[in-house]
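See structure below.
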Amino acid sequence: VQLVESGGGLVQAGGSLRLSCAASSDDYAIGWFRQAPGKEREGVSCISSRDGSTYYADSVKGRFTISRDNAKNTVYLQMISLKPEDTAVYYCAVKPRCTATIIFGSWGQGTQVTVSS
């Protein structure tokens with residue numbers, strides 16, 4: 001399973017972006033992850049398939065919002081009040097559930113988010 005991310009770009013600190021993740025199914029949880037240069041990939045947010053429960057890393061709580069449009073099989077990550085430390089390549093992936101530490105399939109190419117100070 002490989003998903004397709006889009007919506008990244010260059011934005012000034014305090015700006016906003018909305019990332020999209022085209023998924024082939026709405027039967028599983030979808031997680032957003034990011035990897036900054038020289039750092040390990042980290043989980044950012046996740047949305048479950050069953051009840052739409054959402055999860056956020058502490059570093060993005062209150063600034064990022066995850067949502068899904070099942071009719072379009074698309075998951076979004078709305079990011080506001082962006083900070084330079086949010087700069088990273090962002091990936092989405094299918095998970096069996098949000099609390100799982102594994103993903104299904106392989107990583108896609110991701111979408112670059114660059115926040116200038």
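Letters for chains follow the order of the structure tokens (A, B, ...), residue numbers begin at 1 for each chain, and ligand numbers begin at 1 in the order shown.
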
As a CSV table (one decimal) with all heavy atoms, in the first residue's frame, please: all residues of stretch 2-114 of chain A that backbone DSSP puts in strand (DSSP E).
```csv
chain,number,residue,atom,x,y,z
A,4,VAL,N,-0.3,8.7,-1.7
A,4,VAL,CA,0.3,9.9,-2.4
A,4,VAL,C,0.0,11.1,-1.6
A,4,VAL,O,-1.1,11.5,-1.4
A,4,VAL,CB,-0.3,10.0,-3.9
A,4,VAL,CG1,0.3,11.2,-4.6
A,4,VAL,CG2,0.0,8.7,-4.6
A,5,GLU,N,1.1,11.8,-1.2
A,5,GLU,CA,1.0,13.1,-0.5
A,5,GLU,C,1.2,14.3,-1.4
A,5,GLU,O,1.9,14.2,-2.4
A,5,GLU,CB,2.1,13.1,0.6
A,5,GLU,CG,2.2,11.9,1.5
A,5,GLU,CD,3.2,10.9,1.0
A,5,GLU,OE1,3.6,10.9,-0.2
A,5,GLU,OE2,3.5,10.0,1.8
A,6,SER,N,0.5,15.3,-1.1
A,6,SER,CA,0.6,16.6,-1.8
A,6,SER,C,0.3,17.8,-1.0
A,6,SER,O,-0.2,17.6,0.1
A,6,SER,CB,-0.3,16.6,-3.1
A,6,SER,OG,-1.7,16.5,-2.7
A,9,GLY,N,5.0,22.9,0.5
A,9,GLY,CA,5.5,24.1,-0.1
A,9,GLY,C,6.4,25.0,0.8
A,9,GLY,O,6.7,24.5,1.9
A,10,LEU,N,6.7,26.2,0.4
A,10,LEU,CA,7.5,27.1,1.2
A,10,LEU,C,6.5,28.1,1.8
A,10,LEU,O,5.7,28.8,1.0
A,10,LEU,CB,8.5,27.8,0.3
A,10,LEU,CG,9.3,28.9,0.9
A,10,LEU,CD1,10.1,28.4,2.1
A,10,LEU,CD2,10.2,29.5,-0.1
A,11,VAL,N,6.6,28.3,3.1
A,11,VAL,CA,5.7,29.3,3.7
A,11,VAL,C,6.5,30.0,4.8
A,11,VAL,O,7.5,29.4,5.4
A,11,VAL,CB,4.5,28.6,4.3
A,11,VAL,CG1,4.9,27.6,5.4
A,11,VAL,CG2,3.4,29.5,4.8
A,12,GLN,N,6.1,31.2,5.1
A,12,GLN,CA,6.8,31.9,6.2
A,12,GLN,C,6.2,31.5,7.6
A,12,GLN,O,5.1,31.0,7.6
A,12,GLN,CB,6.5,33.5,6.1
A,12,GLN,CG,7.3,34.1,4.9
A,12,GLN,CD,7.1,35.6,4.9
A,12,GLN,OE1,6.2,36.1,5.4
A,12,GLN,NE2,8.2,36.3,4.3
A,17,LEU,N,-0.6,25.7,5.7
A,17,LEU,CA,-0.6,24.8,4.6
A,17,LEU,C,-1.6,23.7,4.8
A,17,LEU,O,-1.9,23.4,6.0
A,17,LEU,CB,0.8,24.2,4.3
A,17,LEU,CG,1.9,25.0,3.7
A,17,LEU,CD1,3.2,24.3,3.7
A,17,LEU,CD2,1.5,25.4,2.2
A,18,ARG,N,-2.1,23.2,3.8
A,18,ARG,CA,-3.0,22.0,3.9
A,18,ARG,C,-2.4,20.9,3.1
A,18,ARG,O,-2.3,21.0,1.8
A,18,ARG,CB,-4.4,22.3,3.5
A,18,ARG,CG,-5.3,21.1,3.9
A,18,ARG,CD,-6.8,21.3,3.5
A,18,ARG,NE,-7.0,21.2,2.1
A,18,ARG,CZ,-8.3,21.0,1.6
A,18,ARG,NH1,-9.3,20.9,2.4
A,18,ARG,NH2,-8.4,20.8,0.3
A,19,LEU,N,-2.1,19.8,3.7
A,19,LEU,CA,-1.5,18.6,3.0
A,19,LEU,C,-2.7,17.7,2.7
A,19,LEU,O,-3.6,17.6,3.5
A,19,LEU,CB,-0.5,17.9,3.9
A,19,LEU,CG,0.7,18.8,4.4
A,19,LEU,CD1,1.7,17.9,5.1
A,19,LEU,CD2,1.3,19.5,3.2
A,20,SER,N,-2.5,16.9,1.6
A,20,SER,CA,-3.5,15.9,1.2
A,20,SER,C,-2.9,14.6,1.1
A,20,SER,O,-1.7,14.5,0.6
A,20,SER,CB,-4.2,16.3,-0.1
A,20,SER,OG,-4.9,17.6,0.0
A,21,CYS,N,-3.6,13.6,1.4
A,21,CYS,CA,-3.1,12.2,1.3
A,21,CYS,C,-4.2,11.4,0.6
A,21,CYS,O,-5.3,11.2,1.1
A,21,CYS,CB,-2.9,11.6,2.7
A,21,CYS,SG,-2.5,9.9,2.7
A,22,ALA,N,-3.9,11.0,-0.6
A,22,ALA,CA,-4.9,10.2,-1.4
A,22,ALA,C,-4.7,8.8,-1.0
A,22,ALA,O,-3.7,8.2,-1.2
A,22,ALA,CB,-4.6,10.4,-2.9
A,29,ALA,N,-6.8,3.2,9.6
A,29,ALA,CA,-6.3,4.5,10.1
A,29,ALA,C,-5.3,5.1,9.2
A,29,ALA,O,-4.5,4.3,8.5
A,29,ALA,CB,-5.7,4.3,11.5
A,30,ILE,N,-5.2,6.4,9.1
A,30,ILE,CA,-4.2,7.0,8.3
A,30,ILE,C,-3.4,7.9,9.2
A,30,ILE,O,-3.9,8.7,10.0
A,30,ILE,CB,-4.8,7.9,7.2
A,30,ILE,CG1,-5.6,7.0,6.3
A,30,ILE,CG2,-3.7,8.6,6.4
A,30,ILE,CD1,-4.8,6.1,5.4
A,31,GLY,N,-2.1,7.8,9.2
A,31,GLY,CA,-1.2,8.6,10.0
A,31,GLY,C,-0.4,9.5,9.1
A,31,GLY,O,0.0,9.2,8.0
A,32,TRP,N,-0.1,10.7,9.7
A,32,TRP,CA,0.9,11.6,9.1
A,32,TRP,C,2.2,11.6,9.9
A,32,TRP,O,2.1,11.5,11.1
A,32,TRP,CB,0.3,13.1,9.1
A,32,TRP,CG,-0.6,13.4,8.0
A,32,TRP,CD1,-2.0,13.4,8.0
A,32,TRP,CD2,-0.3,13.7,6.6
A,32,TRP,NE1,-2.5,13.7,6.8
A,32,TRP,CE2,-1.5,13.9,5.9
A,32,TRP,CE3,0.9,13.8,5.9
A,32,TRP,CZ2,-1.5,14.2,4.6
A,32,TRP,CZ3,0.9,14.1,4.6
A,32,TRP,CH2,-0.3,14.4,3.9
A,33,PHE,N,3.3,11.6,9.2
A,33,PHE,CA,4.6,11.5,9.8
A,33,PHE,C,5.4,12.6,9.1
A,33,PHE,O,5.1,13.1,8.1
A,33,PHE,CB,5.3,10.1,9.5
A,33,PHE,CG,4.5,9.0,10.0
A,33,PHE,CD1,3.4,8.5,9.3
A,33,PHE,CD2,4.8,8.3,11.2
A,33,PHE,CE1,2.6,7.4,9.7
A,33,PHE,CE2,4.1,7.2,11.6
A,33,PHE,CZ,3.0,6.8,10.9
A,34,ARG,N,6.6,12.9,9.7
A,34,ARG,CA,7.5,13.8,9.1
A,34,ARG,C,8.9,13.5,9.5
A,34,ARG,O,9.2,12.8,10.5
A,34,ARG,CB,7.2,15.3,9.6
A,34,ARG,CG,7.5,15.6,11.0
A,34,ARG,CD,7.0,17.0,11.4
A,34,ARG,NE,7.2,17.3,12.8
A,34,ARG,CZ,6.8,18.4,13.3
A,34,ARG,NH1,6.1,19.3,12.6
A,34,ARG,NH2,7.1,18.7,14.6
A,35,GLN,N,9.8,13.9,8.6
A,35,GLN,CA,11.2,13.6,8.8
A,35,GLN,C,12.0,14.8,8.4
A,35,GLN,O,12.0,15.2,7.3
A,35,GLN,CB,11.7,12.4,8.0
A,35,GLN,CG,13.1,12.0,8.4
A,35,GLN,CD,13.5,10.6,7.8
A,35,GLN,OE1,12.9,10.1,6.9
A,35,GLN,NE2,14.5,10.0,8.4
A,42,GLU,N,9.1,10.9,12.6
A,42,GLU,CA,8.2,10.9,13.7
A,42,GLU,C,6.8,11.0,13.4
A,42,GLU,O,6.4,11.6,12.3
A,42,GLU,CB,8.6,12.1,14.6
A,42,GLU,CG,8.4,13.5,14.0
A,42,GLU,CD,8.6,14.6,14.9
A,42,GLU,OE1,8.8,14.4,16.1
A,42,GLU,OE2,8.6,15.8,14.5
A,43,GLY,N,5.9,10.5,14.2
A,43,GLY,CA,4.5,10.5,14.0
A,43,GLY,C,4.0,11.9,14.4
A,43,GLY,O,4.4,12.5,15.4
A,44,VAL,N,3.1,12.5,13.5
A,44,VAL,CA,2.6,13.8,13.7
A,44,VAL,C,1.1,13.7,14.1
A,44,VAL,O,0.7,14.4,15.1
A,44,VAL,CB,2.8,14.6,12.5
A,44,VAL,CG1,2.1,16.0,12.6
A,44,VAL,CG2,4.2,14.8,12.1
A,45,SER,N,0.4,12.9,13.4
A,45,SER,CA,-1.1,12.9,13.7
A,45,SER,C,-1.6,11.6,13.1
A,45,SER,O,-1.0,11.0,12.2
A,45,SER,CB,-1.7,14.1,13.1
A,45,SER,OG,-3.1,14.1,13.4
A,46,CYS,N,-2.8,11.3,13.5
A,46,CYS,CA,-3.5,10.0,13.0
A,46,CYS,C,-5.0,10.2,13.1
A,46,CYS,O,-5.4,10.9,14.1
A,46,CYS,CB,-3.0,8.8,13.7
A,46,CYS,SG,-3.6,7.2,13.1
A,47,ILE,N,-5.7,9.6,12.2
A,47,ILE,CA,-7.1,9.6,12.3
A,47,ILE,C,-7.6,8.1,12.1
A,47,ILE,O,-7.2,7.4,11.2
A,47,ILE,CB,-7.8,10.5,11.3
A,47,ILE,CG1,-9.3,10.6,11.5
A,47,ILE,CG2,-7.4,10.2,9.8
A,47,ILE,CD1,-9.9,11.8,10.8
A,54,THR,N,-9.0,11.2,16.6
A,54,THR,CA,-7.7,11.8,16.1
A,54,THR,C,-6.7,11.9,17.2
A,54,THR,O,-7.0,11.9,18.4
A,54,THR,CB,-8.0,13.3,15.6
A,54,THR,OG1,-8.6,14.0,16.7
A,54,THR,CG2,-9.0,13.3,14.5
A,55,TYR,N,-5.5,11.8,16.8
A,55,TYR,CA,-4.3,11.8,17.7
A,55,TYR,C,-3.3,12.8,17.1
A,55,TYR,O,-3.1,13.0,15.9
A,55,TYR,CB,-3.7,10.5,17.8
A,55,TYR,CG,-4.7,9.4,18.2
A,55,TYR,CD1,-5.6,8.8,17.4
A,55,TYR,CD2,-4.7,9.0,19.6
A,55,TYR,CE1,-6.4,7.8,17.8
A,55,TYR,CE2,-5.5,8.0,20.0
A,55,TYR,CZ,-6.4,7.5,19.1
A,55,TYR,OH,-7.3,6.5,19.6
A,56,TYR,N,-2.6,13.5,18.1
A,56,TYR,CA,-1.6,14.5,17.7
A,56,TYR,C,-0.4,14.4,18.6
A,56,TYR,O,-0.5,14.1,19.7
A,56,TYR,CB,-2.2,15.9,17.8
A,56,TYR,CG,-3.4,16.2,16.9
A,56,TYR,CD1,-4.7,16.0,17.4
A,56,TYR,CD2,-3.2,16.6,15.6
A,56,TYR,CE1,-5.8,16.3,16.6
A,56,TYR,CE2,-4.3,16.8,14.8
A,56,TYR,CZ,-5.6,16.6,15.3
A,56,TYR,OH,-6.6,16.9,14.5
A,64,PHE,N,-2.2,21.8,14.3
A,64,PHE,CA,-2.5,20.9,13.2
A,64,PHE,C,-3.9,20.3,13.4
A,64,PHE,O,-4.2,19.9,14.5
A,64,PHE,CB,-1.5,19.8,13.0
A,64,PHE,CG,-0.1,20.3,12.6
A,64,PHE,CD1,0.2,21.7,12.5
A,64,PHE,CD2,0.8,19.4,12.2
A,64,PHE,CE1,1.5,22.1,12.1
A,64,PHE,CE2,2.1,19.8,11.8
A,64,PHE,CZ,2.4,21.1,11.7
A,65,THR,N,-4.6,20.1,12.3
A,65,THR,CA,-5.9,19.4,12.4
A,65,THR,C,-5.9,18.3,11.3
A,65,THR,O,-5.7,18.7,10.1
A,65,THR,CB,-7.1,20.4,12.2
A,65,THR,OG1,-7.0,21.4,13.2
A,65,THR,CG2,-8.4,19.6,12.3
A,66,ILE,N,-6.2,17.1,11.7
A,66,ILE,CA,-6.3,16.0,10.7
A,66,ILE,C,-7.8,15.8,10.4
A,66,ILE,O,-8.6,15.9,11.4
A,66,ILE,CB,-5.6,14.8,11.2
A,66,ILE,CG1,-5.5,13.7,10.0
A,66,ILE,CG2,-6.3,14.2,12.4
A,66,ILE,CD1,-4.6,12.5,10.4
A,67,SER,N,-8.2,15.5,9.2
A,67,SER,CA,-9.5,15.2,8.9
A,67,SER,C,-9.5,14.2,7.7
A,67,SER,O,-8.5,14.1,7.0
A,67,SER,CB,-10.3,16.4,8.5
A,67,SER,OG,-9.8,17.1,7.4
A,68,ARG,N,-10.7,13.6,7.4
A,68,ARG,CA,-10.8,12.7,6.3
A,68,ARG,C,-12.1,12.9,5.6
A,68,ARG,O,-13.1,13.1,6.2
A,68,ARG,CB,-10.5,11.2,6.7
A,68,ARG,CG,-11.6,10.6,7.5
A,68,ARG,CD,-11.1,9.2,8.1
A,68,ARG,NE,-10.6,8.3,7.0
A,68,ARG,CZ,-9.9,7.3,7.3
A,68,ARG,NH1,-9.5,7.0,8.5
A,68,ARG,NH2,-9.5,6.5,6.3
A,69,ASP,N,-12.0,12.8,4.3
A,69,ASP,CA,-13.2,12.9,3.4
A,69,ASP,C,-13.3,11.5,2.8
A,69,ASP,O,-12.6,11.2,1.8
A,69,ASP,CB,-13.0,14.0,2.4
A,69,ASP,CG,-14.3,14.1,1.5
A,69,ASP,OD1,-15.1,13.2,1.4
A,69,ASP,OD2,-14.4,15.2,0.9
A,74,THR,N,-9.7,10.7,0.9
A,74,THR,CA,-8.6,11.7,1.1
A,74,THR,C,-8.5,12.1,2.6
A,74,THR,O,-9.5,12.3,3.2
A,74,THR,CB,-8.7,12.9,0.2
A,74,THR,OG1,-8.8,12.5,-1.2
A,74,THR,CG2,-7.6,13.9,0.4
A,75,VAL,N,-7.3,12.1,3.1
A,75,VAL,CA,-7.1,12.6,4.4
A,75,VAL,C,-6.3,13.9,4.3
A,75,VAL,O,-5.3,14.0,3.5
A,75,VAL,CB,-6.3,11.5,5.2
A,75,VAL,CG1,-5.9,12.1,6.6
A,75,VAL,CG2,-7.2,10.3,5.4
A,76,TYR,N,-6.7,14.9,5.1
A,76,TYR,CA,-6.0,16.2,5.1
A,76,TYR,C,-5.3,16.5,6.4
A,76,TYR,O,-5.7,16.0,7.4
A,76,TYR,CB,-7.1,17.3,4.9
A,76,TYR,CG,-7.9,17.1,3.6
A,76,TYR,CD1,-9.2,16.5,3.6
A,76,TYR,CD2,-7.4,17.5,2.4
A,76,TYR,CE1,-9.9,16.4,2.5
A,76,TYR,CE2,-8.1,17.3,1.2
A,76,TYR,CZ,-9.4,16.8,1.3
A,76,TYR,OH,-10.1,16.6,0.1
A,77,LEU,N,-4.3,17.2,6.3
A,77,LEU,CA,-3.6,17.8,7.5
A,77,LEU,C,-3.5,19.3,7.3
A,77,LEU,O,-2.7,19.8,6.5
A,77,LEU,CB,-2.2,17.2,7.6
A,77,LEU,CG,-1.5,17.5,8.9
A,77,LEU,CD1,-2.2,16.9,10.1
A,77,LEU,CD2,0.0,17.1,8.9
A,78,GLN,N,-4.4,20.0,8.0
A,78,GLN,CA,-4.4,21.4,8.0
A,78,GLN,C,-3.4,21.9,9.1
A,78,GLN,O,-3.5,21.5,10.2
A,78,GLN,CB,-5.8,22.0,8.4
A,78,GLN,CG,-5.8,23.5,8.4
A,78,GLN,CD,-5.7,24.1,7.0
A,78,GLN,OE1,-6.4,23.7,6.1
A,78,GLN,NE2,-4.8,25.1,6.9
A,79,MET,N,-2.4,22.7,8.6
A,79,MET,CA,-1.4,23.2,9.5
A,79,MET,C,-1.4,24.7,9.6
A,79,MET,O,-1.4,25.4,8.5
A,79,MET,CB,0.0,22.7,9.0
A,79,MET,CG,0.1,21.2,8.7
A,79,MET,SD,1.7,20.7,8.2
A,79,MET,CE,1.9,21.5,6.6
A,88,ALA,N,10.2,19.8,7.2
A,88,ALA,CA,10.4,18.4,7.1
A,88,ALA,C,9.7,17.9,5.8
A,88,ALA,O,8.9,18.6,5.2
A,88,ALA,CB,9.9,17.7,8.3
A,89,VAL,N,10.0,16.7,5.5
A,89,VAL,CA,9.3,16.0,4.5
A,89,VAL,C,8.1,15.2,5.2
A,89,VAL,O,8.4,14.5,6.2
A,89,VAL,CB,10.1,14.9,3.7
A,89,VAL,CG1,9.3,14.2,2.7
A,89,VAL,CG2,11.3,15.6,3.0
A,90,TYR,N,6.9,15.5,4.7
A,90,TYR,CA,5.8,14.9,5.4
A,90,TYR,C,5.3,13.7,4.6
A,90,TYR,O,5.1,13.8,3.3
A,90,TYR,CB,4.7,15.9,5.5
A,90,TYR,CG,4.9,16.9,6.6
A,90,TYR,CD1,5.9,17.9,6.5
A,90,TYR,CD2,4.2,16.9,7.8
A,90,TYR,CE1,6.2,18.8,7.6
A,90,TYR,CE2,4.4,17.8,8.8
A,90,TYR,CZ,5.4,18.7,8.7
A,90,TYR,OH,5.7,19.6,9.7
A,91,TYR,N,4.9,12.6,5.3
A,91,TYR,CA,4.5,11.4,4.7
A,91,TYR,C,3.2,11.0,5.3
A,91,TYR,O,2.9,11.3,6.5
A,91,TYR,CB,5.5,10.3,4.9
A,91,TYR,CG,6.9,10.5,4.5
A,91,TYR,CD1,7.8,11.2,5.3
A,91,TYR,CD2,7.3,10.1,3.2
A,91,TYR,CE1,9.1,11.4,4.9
A,91,TYR,CE2,8.6,10.3,2.8
A,91,TYR,CZ,9.5,10.9,3.6
A,91,TYR,OH,10.8,11.1,3.2
A,92,CYS,N,2.3,10.3,4.6
A,92,CYS,CA,1.2,9.7,5.2
A,92,CYS,C,1.3,8.2,4.9
A,92,CYS,O,2.0,7.7,4.0
A,92,CYS,CB,-0.1,10.2,4.6
A,92,CYS,SG,-0.4,10.0,2.8
A,93,ALA,N,0.6,7.4,5.8
A,93,ALA,CA,0.7,6.0,5.7
A,93,ALA,C,-0.5,5.3,6.3
A,93,ALA,O,-1.1,5.9,7.2
A,93,ALA,CB,2.0,5.5,6.4
A,94,VAL,N,-0.8,4.1,5.9
A,94,VAL,CA,-1.9,3.4,6.4
A,94,VAL,C,-1.4,2.6,7.7
A,94,VAL,O,-0.3,2.0,7.7
A,94,VAL,CB,-2.4,2.3,5.4
A,94,VAL,CG1,-3.5,1.5,6.0
A,94,VAL,CG2,-2.9,3.1,4.1
A,95,LYS,N,-2.2,2.6,8.7
A,95,LYS,CA,-1.9,1.9,9.9
A,95,LYS,C,-3.1,1.0,10.3
A,95,LYS,O,-4.2,1.4,10.0
A,95,LYS,CB,-1.6,2.9,11.1
A,95,LYS,CG,-0.5,3.9,10.8
A,95,LYS,CD,-0.3,4.9,11.9
A,95,LYS,CE,0.2,4.2,13.2
A,95,LYS,NZ,0.5,5.2,14.2
A,111,THR,N,5.9,14.9,0.8
A,111,THR,CA,5.8,16.3,0.3
A,111,THR,C,6.6,17.2,1.2
A,111,THR,O,6.5,17.1,2.5
A,111,THR,CB,4.3,16.7,0.2
A,111,THR,OG1,4.2,18.0,-0.4
A,111,THR,CG2,3.6,16.7,1.6
A,112,GLN,N,7.4,18.0,0.6
A,112,GLN,CA,8.3,18.9,1.4
A,112,GLN,C,7.6,20.1,1.9
A,112,GLN,O,6.9,20.8,1.2
A,112,GLN,CB,9.5,19.4,0.5
A,112,GLN,CG,10.4,20.3,1.2
A,112,GLN,CD,11.3,19.7,2.3
A,112,GLN,OE1,11.9,18.6,2.1
A,112,GLN,NE2,11.3,20.3,3.4
A,113,VAL,N,7.7,20.3,3.2
A,113,VAL,CA,7.2,21.6,3.9
A,113,VAL,C,8.4,22.3,4.4
A,113,VAL,O,9.2,21.8,5.2
A,113,VAL,CB,6.3,21.2,5.0
A,113,VAL,CG1,5.9,22.5,5.8
A,113,VAL,CG2,5.0,20.6,4.5
A,114,THR,N,8.6,23.6,4.0
A,114,THR,CA,9.7,24.4,4.4
A,114,THR,C,9.1,25.7,5.0
A,114,THR,O,8.3,26.4,4.3
A,114,THR,CB,10.6,24.7,3.3
A,114,THR,OG1,11.1,23.5,2.7
A,114,THR,CG2,11.8,25.6,3.8
```

At what distance in Å, to one decimal, does atom CA of A:Asn73 lie from atom CA of A:Ser49?
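It comes out at 11.1 Å.
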
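Closest approach to A:Ile80 from the set A:Gly38, A:Gly14, A:Pro96, A:Gly108 is made by A:Gly14, with distances taken over only C-alpha atoms.
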
Measuring atom to atom with only C-alpha atoms, identify which of A:Val115, A:Ile103, A:Cys98, A:Leu82 is nearest to A:Leu3.
A:Ile103

One decimal, in Å: what's the spacing between atom CA of A:Asp58 and atom CA of A:Gly15?
19.2 Å
